[in-house]
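Structure below is structure_7.csv: CSV, C-alpha atoms.
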```csv
chain,number,residue,atom,x,y,z
Z,1184,MET,CA,-2.8,133.8,-128.4
Z,1185,SER,CA,-5.5,133.3,-125.7
Z,1186,THR,CA,-8.2,130.7,-125.7
Z,1187,GLU,CA,-12.0,131.4,-125.6
Z,1188,ASP,CA,-13.3,133.1,-122.5
Z,1189,SER,CA,-15.9,130.6,-121.4
Z,1190,PRO,CA,-15.1,129.6,-117.8
Z,1191,ILE,CA,-14.4,126.0,-116.9
Z,1192,LYS,CA,-17.2,124.2,-114.9
Z,1193,LEU,CA,-15.7,120.8,-114.6
Z,1194,SER,CA,-14.2,119.7,-111.3
Z,1195,ARG,CA,-12.7,116.6,-109.9
Z,1196,SER,CA,-12.4,115.8,-106.2
Z,1197,PRO,CA,-9.6,113.6,-104.9
Z,1198,THR,CA,-10.5,110.3,-103.5
Z,1199,LYS,CA,-10.1,109.9,-99.7
Z,1200,ILE,CA,-6.6,110.7,-98.6
Z,1201,GLU,CA,-5.6,109.1,-95.3
Z,1202,THR,CA,-1.8,108.7,-95.7
Z,1203,VAL,CA,1.1,110.3,-97.5
Z,1204,GLU,CA,1.1,107.3,-99.8
Z,1205,ASP,CA,-2.5,108.1,-100.7
Z,1206,PHE,CA,-1.5,111.7,-101.2
Z,1207,GLU,CA,1.3,110.9,-103.6
Z,1208,SER,CA,-0.7,108.4,-105.6
Z,1209,GLN,CA,-3.5,110.8,-106.4
Z,1210,ASP,CA,-4.2,112.1,-109.9
Z,1211,THR,CA,-3.1,115.7,-110.4
Z,1212,LEU,CA,-3.3,118.3,-113.1
Z,1213,LEU,CA,0.4,118.2,-113.7
Z,1214,LYS,CA,0.2,114.6,-114.8
Z,1215,HIS,CA,-1.8,115.8,-117.9
Z,1216,VAL,CA,-0.4,119.2,-118.7
Z,1217,ASP,CA,2.9,121.2,-118.9
Z,1218,ILE,CA,2.8,124.6,-117.2
Z,1219,SER,CA,5.5,127.2,-117.5
Z,1220,ILE,CA,5.9,131.0,-117.4
Z,1221,VAL,CA,7.8,131.7,-120.6
Z,1222,GLU,CA,8.4,135.4,-120.4
Z,1223,SER,CA,7.7,138.7,-118.6
Z,1224,GLU,CA,6.8,142.1,-120.0
Z,1225,LYS,CA,6.8,145.6,-118.7
Z,1226,ARG,CA,3.7,147.6,-119.5
Z,1227,ALA,CA,2.7,151.2,-118.9
Z,1228,ASN,CA,0.2,152.2,-116.3
Z,1229,GLY,CA,-2.5,154.8,-116.8
Z,1230,THR,CA,-1.7,158.4,-116.0
Z,1231,LEU,CA,-3.5,158.3,-112.7
Z,1232,HIS,CA,-1.4,155.5,-111.2
Z,1233,VAL,CA,1.5,156.3,-108.9
Z,1234,ARG,CA,3.8,153.8,-110.6
Z,1235,ASP,CA,4.6,154.3,-114.3
Z,1236,HIS,CA,4.9,150.6,-115.2
Z,1237,TYR,CA,3.9,147.1,-114.0
Z,1238,THR,CA,5.0,143.7,-115.0
Z,1239,VAL,CA,3.0,140.9,-116.5
Z,1240,TYR,CA,3.9,137.2,-116.9
Z,1241,LEU,CA,3.0,134.9,-119.8
Z,1242,ILE,CA,1.6,131.5,-118.6
Z,1243,ASP,CA,2.0,128.8,-121.2
Z,1244,LEU,CA,-0.1,125.6,-120.8
Z,1245,LYS,CA,0.2,122.6,-123.0
Z,1246,VAL,CA,-1.8,119.4,-122.7
Z,1247,THR,CA,0.4,116.3,-122.7
Z,1248,ASP,CA,-2.4,113.8,-122.4
Z,1249,PRO,CA,-4.4,113.7,-125.6
Z,1250,ASP,CA,-7.5,112.3,-123.9
Z,1251,TYR,CA,-7.6,115.0,-121.2
Z,1252,LYS,CA,-10.8,117.1,-121.2
Z,1253,MET,CA,-10.5,119.3,-118.1
Z,1254,VAL,CA,-9.1,122.3,-119.9
Z,1255,GLN,CA,-10.4,124.5,-122.6
Z,1256,SER,CA,-7.7,124.1,-125.2
Z,1257,LYS,CA,-4.7,121.8,-125.8
Z,1258,ILE,CA,-2.4,124.8,-126.0
Z,1259,SER,CA,-3.1,128.2,-124.5
Z,1260,THR,CA,-1.2,131.3,-123.2
Z,1261,ILE,CA,-2.4,134.1,-121.0
Z,1262,TRP,CA,-0.8,137.2,-119.3
Z,1263,ARG,CA,-1.2,137.6,-115.6
Z,1264,ARG,CA,0.0,140.3,-113.1
Z,1265,TYR,CA,1.5,139.6,-109.8
Z,1266,THR,CA,-1.7,141.0,-108.1
Z,1267,GLU,CA,-3.7,138.3,-109.9
Z,1268,PHE,CA,-1.4,135.7,-108.5
Z,1269,GLU,CA,-2.1,137.2,-105.1
Z,1270,GLN,CA,-5.8,136.8,-105.8
Z,1271,ILE,CA,-5.7,133.1,-106.6
Z,1272,HIS,CA,-3.3,132.5,-103.7
Z,1273,ASP,CA,-5.7,134.2,-101.2
Z,1274,TYR,CA,-8.6,132.4,-102.7
Z,1275,LEU,CA,-6.9,129.0,-102.2
Z,1276,GLN,CA,-5.9,130.0,-98.7
Z,1277,VAL,CA,-9.5,130.8,-97.7
Z,1278,THR,CA,-11.1,127.9,-99.6
Z,1279,TYR,CA,-8.7,125.2,-98.4
Z,1280,PRO,CA,-7.9,126.1,-94.8
Z,1281,HIS,CA,-6.6,122.6,-94.0
Z,1282,VAL,CA,-3.9,122.8,-96.7
Z,1283,VAL,CA,-0.4,124.2,-96.4
Z,1284,ILE,CA,-0.8,126.6,-99.4
Z,1285,PRO,CA,2.3,126.9,-101.6
Z,1286,PRO,CA,3.6,130.5,-101.1
Z,1287,LEU,CA,4.2,133.2,-103.7
Z,1288,PRO,CA,7.7,134.6,-104.2
Z,1289,GLU,CA,8.5,137.8,-102.5
Z,1290,LYS,CA,6.6,140.9,-103.4
Z,1291,ARG,CA,9.5,143.2,-102.4
Z,1292,VAL,CA,13.2,142.5,-102.3
Z,1293,LEU,CA,14.1,140.7,-99.1
Z,1294,TYR,CA,17.6,140.1,-97.7
Z,1295,ALA,CA,19.2,142.1,-100.5
Z,1296,TRP,CA,23.0,142.5,-100.4
Z,1297,ARG,CA,23.1,145.2,-103.0
Z,1298,LYS,CA,20.7,147.9,-104.1
Z,1299,SER,CA,17.8,146.4,-105.9
Z,1300,ASP,CA,14.1,147.0,-106.5
Z,1301,THR,CA,11.1,145.2,-108.2
Z,1302,THR,CA,11.9,146.7,-111.6
Z,1303,ASP,CA,15.4,145.2,-111.8
Z,1304,PRO,CA,15.5,142.6,-114.6
Z,1305,GLU,CA,17.3,140.1,-112.3
Z,1306,PHE,CA,14.5,140.4,-109.7
Z,1307,VAL,CA,11.8,140.2,-112.4
Z,1308,GLU,CA,13.4,137.0,-113.8
Z,1309,ARG,CA,13.7,135.4,-110.3
Z,1310,ARG,CA,10.1,136.3,-109.6
Z,1311,ARG,CA,9.1,134.7,-112.9
Z,1312,ALA,CA,10.8,131.5,-111.8
Z,1313,GLY,CA,9.1,131.8,-108.4
Z,1314,LEU,CA,5.7,132.3,-109.8
Z,1315,GLU,CA,6.2,129.3,-112.2
Z,1316,ASN,CA,7.2,127.2,-109.2
Z,1317,PHE,CA,4.0,128.3,-107.4
Z,1318,LEU,CA,1.9,127.1,-110.3
Z,1319,LEU,CA,3.7,123.8,-110.4
Z,1320,ARG,CA,3.2,123.3,-106.7
Z,1321,VAL,CA,-0.5,124.0,-106.9
Z,1322,ALA,CA,-0.9,121.9,-110.1
Z,1323,SER,CA,0.7,118.9,-108.4
Z,1324,HIS,CA,-1.3,119.1,-105.2
Z,1325,PRO,CA,-4.3,116.7,-105.3
Z,1326,ARG,CA,-6.6,118.9,-103.2
Z,1327,LEU,CA,-5.9,122.1,-105.1
Z,1328,CYS,CA,-5.1,121.3,-108.7
Z,1329,PHE,CA,-8.6,120.7,-110.0
Z,1330,ASP,CA,-10.2,123.7,-108.4
Z,1331,ASP,CA,-12.3,125.5,-111.0
Z,1332,GLN,CA,-10.9,128.9,-110.2
Z,1333,PHE,CA,-7.3,127.7,-110.5
Z,1334,ILE,CA,-8.0,126.1,-113.9
Z,1335,ASN,CA,-9.8,129.3,-115.0
Z,1336,PHE,CA,-6.8,131.3,-113.8
Z,1337,LEU,CA,-4.6,129.4,-116.2
Z,1338,GLN,CA,-6.8,129.9,-119.2
Z,1339,GLN,CA,-9.7,132.4,-118.8
Z,1340,GLU,CA,-8.5,135.8,-120.1
Z,1341,HIS,CA,-11.6,138.0,-119.6
Z,1342,GLY,CA,-13.8,138.0,-116.6
Z,1343,TRP,CA,-11.6,135.9,-114.3
Z,1344,ARG,CA,-11.4,138.6,-111.7
Z,1345,GLU,CA,-15.2,139.0,-111.6
Z,1346,THR,CA,-15.6,135.2,-111.5
Z,1347,ILE,CA,-13.3,134.7,-108.5
Z,1348,THR,CA,-14.8,137.8,-106.7
Z,1349,ASP,CA,-18.3,136.3,-107.2
Z,1350,SER,CA,-17.2,133.1,-105.5
Z,1351,GLY,CA,-17.5,135.1,-102.2
Z,1352,TYR,CA,-13.9,134.4,-101.0
Z,1353,LEU,CA,-13.3,138.0,-100.1
Z,1354,LEU,CA,-16.1,138.0,-97.5
Z,1355,GLN,CA,-14.8,134.7,-96.1
Z,1356,ALA,CA,-11.3,136.1,-96.0
Z,1357,GLU,CA,-12.6,139.2,-94.1
Z,1358,ASN,CA,-14.5,137.1,-91.6
Z,1359,LYS,CA,-11.5,134.8,-91.2
Z,1360,LEU,CA,-9.2,137.8,-90.6
Z,1361,LYS,CA,-11.5,139.1,-87.9
Z,1362,SER,CA,-11.7,135.8,-86.1
Z,1363,LEU,CA,-7.9,135.3,-86.3
Z,1364,SER,CA,-7.2,138.8,-85.1
Z,1365,VAL,CA,-8.7,137.9,-81.8
Z,1366,SER,CA,-6.1,136.3,-79.5
Z,1367,ILE,CA,-7.2,132.7,-79.0
Z,1368,ARG,CA,-6.5,131.2,-75.6
Z,1369,LEU,CA,-7.6,127.6,-75.7
Z,1370,LYS,CA,-8.4,125.7,-72.5
Z,1371,LYS,CA,-6.8,122.5,-73.8
Z,1372,PRO,CA,-4.6,123.2,-76.8
Z,1373,ASP,CA,-3.8,120.3,-79.1
Z,1374,ALA,CA,-0.3,119.2,-78.3
Z,1375,GLU,CA,0.5,118.1,-81.8
Z,1376,ILE,CA,-0.7,121.4,-83.4
Z,1377,GLU,CA,1.2,123.4,-80.7
Z,1378,GLY,CA,4.3,121.5,-81.7
Z,1379,VAL,CA,3.8,122.2,-85.4
Z,1380,LYS,CA,3.1,125.9,-84.7
Z,1381,THR,CA,6.3,126.2,-82.6
Z,1382,TYR,CA,8.3,124.4,-85.3
Z,1383,GLY,CA,6.9,126.8,-87.9
Z,1384,LYS,CA,8.1,129.8,-85.9
Z,1385,GLN,CA,11.5,128.3,-85.4
Z,1386,LEU,CA,11.9,127.3,-89.0
Z,1387,GLU,CA,10.9,130.9,-90.0
Z,1388,THR,CA,13.5,132.3,-87.6
Z,1389,ASN,CA,16.3,130.0,-88.6
Z,1390,LEU,CA,15.8,130.5,-92.3
Z,1391,GLY,CA,15.5,134.3,-91.8
Z,1392,ASN,CA,18.8,134.3,-89.9
Z,1393,PHE,CA,20.5,132.1,-92.5
Z,1394,LEU,CA,19.3,134.4,-95.3
Z,1395,TYR,CA,20.4,137.5,-93.4
Z,1396,THR,CA,23.9,136.1,-92.6
Z,1397,ARG,CA,24.2,134.9,-96.2
Z,1398,SER,CA,23.4,138.4,-97.5
Z,1399,LYS,CA,26.1,140.0,-95.3
Z,1400,ILE,CA,28.7,137.4,-96.3
Z,1401,ILE,CA,28.1,137.7,-100.1
Z,1402,GLU,CA,28.2,141.4,-99.8
Z,1403,LYS,CA,31.6,141.2,-98.2
Z,1404,ASN,CA,32.9,138.5,-100.6
Z,1405,TYR,CA,31.7,140.4,-103.6
Z,1406,ALA,CA,33.5,143.5,-102.6
Z,1407,LEU,CA,36.6,141.6,-101.7
Z,1408,CYS,CA,36.7,139.7,-105.0
Z,1409,LYS,CA,36.1,142.9,-107.0
Z,1410,LEU,CA,39.1,144.5,-105.2
Z,1411,HIS,CA,41.3,141.8,-106.9
Z,1412,ALA,CA,40.8,143.7,-110.1
Z,1413,ASN,CA,43.1,146.4,-108.6
Z,1414,TYR,CA,45.8,143.7,-108.4
Z,1415,GLY,CA,45.1,142.9,-112.0
Z,1416,LYS,CA,45.5,146.5,-113.1
Z,1417,LEU,CA,48.6,147.0,-111.0
Z,1418,PHE,CA,50.4,143.9,-112.3
Z,1419,SER,CA,49.4,144.7,-115.9
Z,1420,GLU,CA,50.8,148.2,-115.6
Z,1421,TRP,CA,53.9,147.0,-113.8
Z,1422,SER,CA,54.6,144.4,-116.6
Z,1423,VAL,CA,55.0,147.3,-119.1
Z,1424,ILE,CA,58.2,148.5,-117.4
Z,1425,GLU,CA,59.7,145.1,-116.8
Z,1426,LYS,CA,61.6,143.3,-119.6
Z,1427,GLU,CA,62.4,140.0,-117.9
Z,1428,MET,CA,59.4,139.8,-115.5
Z,1429,GLY,CA,56.9,141.4,-117.8
Z,1430,ASP,CA,55.2,138.2,-119.2
Z,1431,GLY,CA,54.9,136.7,-115.7
Z,1432,LEU,CA,53.4,139.9,-114.2
Z,1433,GLN,CA,51.0,140.2,-117.2
Z,1434,LYS,CA,49.8,136.6,-116.8
Z,1435,ALA,CA,49.4,137.0,-113.0
Z,1436,GLY,CA,47.3,140.2,-113.6
Z,1437,HIS,CA,45.0,138.2,-115.8
Z,1438,TYR,CA,44.5,135.6,-113.1
Z,1439,PHE,CA,43.7,138.4,-110.6
Z,1440,ASP,CA,41.1,139.7,-113.0
Z,1441,SER,CA,39.6,136.2,-113.2
Z,1442,ILE,CA,39.1,136.2,-109.4
Z,1443,ALA,CA,37.3,139.5,-109.7
Z,1444,ASP,CA,35.1,138.3,-112.5
Z,1445,SER,CA,34.3,134.9,-111.0
Z,1446,ILE,CA,32.1,136.3,-108.2
Z,1447,GLU,CA,29.4,137.4,-110.7
Z,1448,SER,CA,28.4,133.8,-111.5
Z,1449,VAL,CA,28.7,132.8,-107.8
Z,1450,ALA,CA,26.4,135.6,-106.7
Z,1451,GLU,CA,23.9,134.7,-109.4
Z,1452,ASP,CA,23.8,131.1,-108.4
Z,1453,GLU,CA,23.6,132.0,-104.8
Z,1454,GLU,CA,20.5,134.2,-105.5
Z,1455,GLN,CA,18.7,131.2,-107.0
Z,1456,LEU,CA,19.6,129.0,-104.0
Z,1457,ALA,CA,18.5,131.8,-101.7
Z,1458,ASP,CA,15.1,132.0,-103.5
Z,1459,GLN,CA,14.6,128.3,-102.8
Z,1460,LEU,CA,15.2,128.9,-99.1
Z,1461,LYS,CA,12.9,131.9,-99.2
Z,1462,GLU,CA,10.1,129.7,-100.4
Z,1463,TYR,CA,10.4,127.7,-97.2
Z,1464,LEU,CA,10.6,130.9,-95.2
Z,1465,PHE,CA,7.2,131.7,-96.6
Z,1466,TYR,CA,6.1,128.1,-96.3
Z,1467,ALA,CA,6.8,128.4,-92.5
Z,1468,ALA,CA,4.2,131.2,-92.4
Z,1469,ALA,CA,1.7,129.1,-94.3
Z,1470,LEU,CA,2.3,126.3,-91.7
Z,1471,GLN,CA,1.5,128.7,-88.9
Z,1472,GLN,CA,-1.6,129.8,-90.7
Z,1473,LEU,CA,-2.8,126.2,-90.9
Z,1474,CYS,CA,-2.3,125.9,-87.1
Z,1475,ALA,CA,-4.2,129.1,-86.6
Z,1476,ASN,CA,-7.1,127.7,-88.6
Z,1477,HIS,CA,-7.1,124.6,-86.4
Z,1478,GLU,CA,-7.1,126.7,-83.3
Z,1479,ALA,CA,-10.1,128.6,-84.6
Z,1480,LEU,CA,-12.1,125.4,-85.0
Z,1481,GLN,CA,-11.0,124.2,-81.6
Z,1482,ARG,CA,-12.1,127.5,-80.1
Z,1483,ALA,CA,-15.5,127.1,-81.8
Z,1484,LEU,CA,-15.9,123.7,-80.2
Z,1485,GLU,CA,-15.0,125.1,-76.8
Z,1486,ASN,CA,-17.5,128.0,-77.2
Z,1487,ALA,CA,-20.2,125.5,-78.2
Z,1488,HIS,CA,-19.5,123.6,-74.9
Z,1489,ASP,CA,-19.6,126.8,-72.9
Z,1490,ALA,CA,-22.9,127.8,-74.5
Z,1491,LEU,CA,-24.4,124.4,-73.6
Z,1492,ASN,CA,-23.2,124.6,-70.0
Z,1493,ASN,CA,-24.6,128.1,-69.7
Z,1494,ARG,CA,-27.9,127.0,-71.2
Z,1495,ILE,CA,-28.2,124.0,-68.8
Z,1496,ALA,CA,-27.5,126.3,-65.8
Z,1497,GLU,CA,-30.2,128.6,-67.1
Z,1498,ARG,CA,-32.6,125.7,-67.5
Z,1499,ASN,CA,-32.0,124.6,-63.9
Z,1500,ARG,CA,-32.8,128.1,-62.7
Z,1501,ALA,CA,-36.0,128.1,-64.8
Z,1502,ALA,CA,-37.0,124.7,-63.4
Z,1503,ALA,CA,-36.6,126.1,-59.9
Z,1504,GLY,CA,-38.7,129.1,-60.8
Z,1505,LYS,CA,-35.8,131.5,-60.5
Z,1506,SER,CA,-35.5,132.6,-64.1
Z,1507,GLY,CA,-37.8,135.7,-64.1
Z,1508,LEU,CA,-36.8,139.2,-63.3
Z,1509,MET,CA,-39.1,139.4,-60.3
Z,1510,SER,CA,-37.7,136.2,-58.8
Z,1511,ARG,CA,-34.2,137.4,-59.1
Z,1512,LEU,CA,-34.9,140.8,-57.6
Z,1513,PHE,CA,-37.3,139.7,-54.8
Z,1514,GLY,CA,-36.5,136.0,-54.3
Z,1515,THR,CA,-40.0,134.9,-55.4
Z,1516,THR,CA,-40.7,131.9,-57.7
Z,1517,ASP,CA,-42.2,132.0,-61.1
Z,1518,PRO,CA,-45.7,130.6,-61.6
Z,1519,ASP,CA,-45.9,127.0,-62.8
Z,1520,ILE,CA,-47.1,128.0,-66.3
Z,1521,VAL,CA,-44.2,130.4,-66.7
Z,1522,ARG,CA,-41.8,127.8,-65.4
Z,1523,ASP,CA,-43.1,125.1,-67.9
Z,1524,GLN,CA,-42.9,127.5,-70.8
Z,1525,SER,CA,-39.3,128.5,-69.9
Z,1526,THR,CA,-38.1,125.0,-69.5
Z,1527,ARG,CA,-39.6,123.8,-72.7
Z,1528,ALA,CA,-38.1,126.7,-74.7
Z,1529,LEU,CA,-34.7,126.0,-73.1
Z,1530,ASP,CA,-34.9,122.3,-73.7
Z,1531,ALA,CA,-35.3,123.1,-77.4
Z,1532,LYS,CA,-32.2,125.4,-77.3
Z,1533,ILE,CA,-30.3,122.8,-75.4
Z,1534,LEU,CA,-30.9,120.3,-78.2
Z,1535,ALA,CA,-29.7,122.9,-80.7
Z,1536,ASP,CA,-26.6,123.5,-78.6
Z,1537,ARG,CA,-25.9,119.7,-78.6
Z,1538,ASP,CA,-26.3,119.6,-82.3
Z,1539,ASN,CA,-23.8,122.6,-82.6
Z,1540,ILE,CA,-21.3,120.7,-80.5
Z,1541,GLU,CA,-21.6,117.6,-82.7
Z,1542,LYS,CA,-21.1,119.7,-85.8
Z,1543,ALA,CA,-18.2,121.6,-84.3
Z,1544,LYS,CA,-16.7,118.3,-83.3
Z,1545,ARG,CA,-17.1,116.8,-86.7
Z,1546,ASP,CA,-15.6,119.9,-88.4
Z,1547,LEU,CA,-12.6,119.7,-86.1
Z,1548,GLU,CA,-12.1,115.9,-86.5
Z,1549,ASP,CA,-12.4,116.3,-90.3
Z,1550,PHE,CA,-10.0,119.2,-90.3
Z,1551,THR,CA,-7.5,117.4,-88.1
Z,1552,ARG,CA,-7.6,114.3,-90.3
Z,1553,LYS,CA,-6.9,116.2,-93.4
Z,1554,THR,CA,-4.3,118.5,-91.7
Z,1555,SER,CA,-2.4,115.5,-90.4
Z,1556,VAL,CA,-1.7,114.2,-93.9
Z,1557,GLU,CA,-0.9,117.7,-95.2
Z,1558,ILE,CA,1.7,118.3,-92.4
Z,1559,GLU,CA,3.3,114.9,-92.9
Z,1560,TYR,CA,3.6,115.5,-96.7
Z,1561,PHE,CA,4.9,119.0,-96.1
Z,1562,GLN,CA,7.6,117.7,-93.8
Z,1563,LYS,CA,8.7,115.0,-96.3
Z,1564,GLN,CA,8.8,117.6,-99.1
Z,1565,LYS,CA,10.6,120.1,-97.0
Z,1566,ASP,CA,13.2,117.7,-95.9
Z,1567,LYS,CA,14.0,116.7,-99.5
Z,1568,ASP,CA,14.0,120.3,-100.8
Z,1569,LEU,CA,16.0,121.9,-98.0
Z,1570,HIS,CA,18.5,119.1,-98.1
Z,1571,GLU,CA,19.1,119.7,-101.8
Z,1572,SER,CA,19.2,123.5,-101.4
Z,1573,LEU,CA,21.7,123.4,-98.5
Z,1574,VAL,CA,23.9,120.8,-100.2
Z,1575,GLY,CA,23.8,123.0,-103.4
Z,1576,PHE,CA,24.7,126.1,-101.4
Z,1577,ILE,CA,27.7,124.4,-99.7
Z,1578,THR,CA,28.8,122.8,-103.0
Z,1579,LEU,CA,28.7,126.2,-104.6
Z,1580,GLN,CA,31.0,127.6,-101.9
Z,1581,VAL,CA,33.4,124.7,-102.3
Z,1582,LYS,CA,33.5,125.2,-106.1
Z,1583,ALA,CA,34.1,128.9,-105.7
Z,1584,ALA,CA,36.9,128.3,-103.2
Z,1585,LYS,CA,38.6,125.7,-105.4
Z,1586,LYS,CA,38.4,128.1,-108.4
Z,1587,ASN,CA,40.0,130.9,-106.4
Z,1588,LEU,CA,42.6,128.5,-105.0
Z,1589,GLN,CA,43.4,127.4,-108.6
Z,1590,ALA,CA,43.8,131.1,-109.6
Z,1591,TRP,CA,46.1,131.8,-106.7
Z,1592,THR,CA,48.1,128.7,-107.6
Z,1593,GLN,CA,48.5,129.8,-111.1
Z,1594,ILE,CA,49.5,133.3,-110.0
Z,1595,LYS,CA,52.2,131.6,-107.8
Z,1596,GLU,CA,53.5,129.6,-110.7
Z,1597,CYS,CA,53.6,132.7,-112.9
Z,1598,LEU,CA,55.7,134.5,-110.3
Z,1599,GLN,CA,58.0,131.5,-109.6
Z,1600,ASN,CA,58.7,131.0,-113.3
Z,1601,MET,CA,59.8,134.5,-113.8
Z,1602,PRO,CA,63.6,134.8,-114.5
```

Written as structure tokens, how would this file's structure read?
Amino acid sequence: MSTEDSPIKLSRSPTKIETVEDFESQDTLLKHVDISIVESEKRANGTLHVRDHYTVYLIDLKVTDPDYKMVQSKISTIWRRYTEFEQIHDYLQVTYPHVVIPPLPEKRVLYAWRKSDTTDPEFVERRRAGLENFLLRVASHPRLCFDDQFINFLQQEHGWRETITDSGYLLQAENKLKSLSVSIRLKKPDAEIEGVKTYGKQLETNLGNFLYTRSKIIEKNYALCKLHANYGKLFSEWSVIEKEMGDGLQKAGHYFDSIADSIESVAEDEEQLADQLKEYLFYAAALQQLCANHEALQRALENAHDALNNRIAERNRAAAGKSGLMSRLFGTTDPDIVRDQSTRALDAKILADRDNIEKAKRDLEDFTRKTSVEIEYFQKQKDKDLHESLVGFITLQVKAAKKNLQAWTQIKECLQNMP
């Protein structure tokens, strides 16, 4: 059951965050509520749509702090489509350009090792888990979690799309896309940001290669393990015609079948670990986006300096009486009154240019300060998560290998114990 449709107007800004310790000590929404996506549901599209069905996900929110007043209801549920998750993600990306925005799970199947599409129940379930993880990431981020639009997303059933559209984020996104589509060649690139951008590209490449290699290996392993079922069938059929060896062959056939069956759980567990790695594949793109936002501000500051220098040069020409068209064509000088008017007008513009430089400088400094903490926190979080995921992946391989070795050992014992 959904809550009332009135939008949330309350908001809470985090206190000044200067270090990772400040970041981690901030109050967050997740400290007051539990958020989960409890189920998914396939629904029919209208007759005019290309696709027959779409999937919706049920967000469940429960307040765990009885004194908390930032949400509409203590318990609420609401259905959301993936496209709506895209909307809130894009809104956060535009509104908080200095934040490494948590990524959404894949929209299409990536690095698949067997035929699959977005309607497969396994993919839908993995996407459900990924969308829930996205909500938890945002709800635990002190700069994102108390955003009005995000809280509305969790509870406002009707009118949320109109509300977020009215925020003007689409126009900002369009302007930002135009600015970022222009190749930026900075005169003095920030060495730290350049390093982060390079790291983001390398992380994306390495994770992409890992996921590609993993998909090829599991494809081969799956086929190889399934072929052991042929051994199982062969030994079972063989056991029928053998009086003395029959029991041993029958038992050995069962163990071969267990090898063929065991790959199913291994493949399922691997998919979950692969999804964890995919999150950081997409995080790497978010990290590069943050660097691009920094470069845009740095370019704006350089443009402001260029505008001031051009204006000063223009003022010098005006002071020398060389600003008019006639003076430039015929080498004459402007009258004193024209010269005075031109210089006074340019002096006012020079003051405005200096103000623009100061504003651009403050914007860049503020962005850099916030970004520095964001990057440091991201690196700490990434190291912890990737360490757990990689260890989990290797542990899974060791467990699978031991299980297969045990099966082969039991097969050997069955054959050795035959009369």

Would you mind listing what lies within 7 Å of Phe1465 (chain Z) as a PyMOL selection string, with all atoms listed in the file counted and same-chain residues fewer than 4 positions away left out? chain Z and resi 1286+1461+1469

Any idea what's packed within 9 Å of Arg1498 (chain Z), counting all atoms listed in the file, ignoring anything in its chain fewer than 6 positions away? Could you give it as a ChimeraX atom specification? /Z:1506,1525-1527,1529-1530,1533

Counting only C-alpha atoms, closest pick from Z:Leu1293, Z:Ile1284, Z:Ala1584, Z:Val1307 relative to Glu1222 (chain Z) is Z:Val1307

In Å, rounded to a single decimal, give me how far CA of Leu1390 (chain Z) is from CA of Asp1568 (chain Z). 13.4 Å

Name all residues at most 12 Å from region 1399-1409 of chain Z (count all atoms listed in the file; drop same-chain ones fewer than 5 positions away) and give them as number ranges by chain. Z: 1294-1298, 1392-1394, 1414-1416, 1438-1454, 1457, 1580, 1583-1584, 1587

Counting only C-alpha atoms, the residue of Z:Leu1241, Z:Ala1435, Z:Leu1213, Z:Ile1558 that sits nearest Gly1378 (chain Z): Z:Ile1558

Nearest candidate to His1570 (chain Z) (options Z:Leu1460, Z:Val1283, Z:Val1246, Z:Leu1484; using only C-alpha atoms):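 The shortest atom-to-atom distance to His1570 (chain Z) comes from Z:Leu1460.
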
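Shortest separation to Gly1383 (chain Z) among Z:Lys1585, Z:Lys1370, Z:Arg1494, Z:Lys1565 occurs at residue Z:Lys1565, atoms counted being only C-alpha atoms.
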
Contacts of Met1601 (chain Z) at 10 Å or less, counting only C-alpha atoms, minus same-chain residues fewer than 5 places along, as a list in words? Glu1427, Met1428, Gly1429, Asp1430, Gly1431, Leu1432 and Glu1596 of chain Z

Just checking: using all atoms listed in the file, which residue out of Z:Asn1413, Z:Gln1270, Z:Ser1572, Z:Thr1554 ends up closest to Ile1200 (chain Z)? Z:Thr1554

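Residue nearest Asp1523 (chain Z), chosen from Z:Arg1500, Z:Glu1207, Z:Leu1318, Z:Glu1387 and counting all atoms listed in the file: Z:Arg1500.
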
Mind pulling up the distance from CA of Ile1218 (chain Z) to CA of Ser1259 (chain Z)?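 According to the coordinates, CA of Ser1259 (chain Z) and CA of Ile1218 (chain Z) are separated by 10.1 Å.
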
Pairwise distance for CA of Arg1320 (chain Z) and CA of Thr1551 (chain Z), rounded to one decimal in Å: 22.3 Å

Test item: residues at most 12 Å from His1272 (chain Z), all atoms listed in the file, excluding those fewer than 5 positions along its chain, as a ChimeraX atom specification: /Z:1265-1267,1277-1280,1282-1288,1314,1317-1318,1320-1321,1327,1332-1333,1336,1347,1352-1353,1356,1469

Output of the above residues as a CSV table (one decimal), in the frame of the given file, restricted to C-alpha atoms:
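Wrote result23.csv, looks like this:
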```
chain,number,residue,atom,x,y,z
Z,1265,TYR,CA,1.5,139.6,-109.8
Z,1266,THR,CA,-1.7,141.0,-108.1
Z,1267,GLU,CA,-3.7,138.3,-109.9
Z,1277,VAL,CA,-9.5,130.8,-97.7
Z,1278,THR,CA,-11.1,127.9,-99.6
Z,1279,TYR,CA,-8.7,125.2,-98.4
Z,1280,PRO,CA,-7.9,126.1,-94.8
Z,1282,VAL,CA,-3.9,122.8,-96.7
Z,1283,VAL,CA,-0.4,124.2,-96.4
Z,1284,ILE,CA,-0.8,126.6,-99.4
Z,1285,PRO,CA,2.3,126.9,-101.6
Z,1286,PRO,CA,3.6,130.5,-101.1
Z,1287,LEU,CA,4.2,133.2,-103.7
Z,1288,PRO,CA,7.7,134.6,-104.2
Z,1314,LEU,CA,5.7,132.3,-109.8
Z,1317,PHE,CA,4.0,128.3,-107.4
Z,1318,LEU,CA,1.9,127.1,-110.3
Z,1320,ARG,CA,3.2,123.3,-106.7
Z,1321,VAL,CA,-0.5,124.0,-106.9
Z,1327,LEU,CA,-5.9,122.1,-105.1
Z,1332,GLN,CA,-10.9,128.9,-110.2
Z,1333,PHE,CA,-7.3,127.7,-110.5
Z,1336,PHE,CA,-6.8,131.3,-113.8
Z,1347,ILE,CA,-13.3,134.7,-108.5
Z,1352,TYR,CA,-13.9,134.4,-101.0
Z,1353,LEU,CA,-13.3,138.0,-100.1
Z,1356,ALA,CA,-11.3,136.1,-96.0
Z,1469,ALA,CA,1.7,129.1,-94.3
```
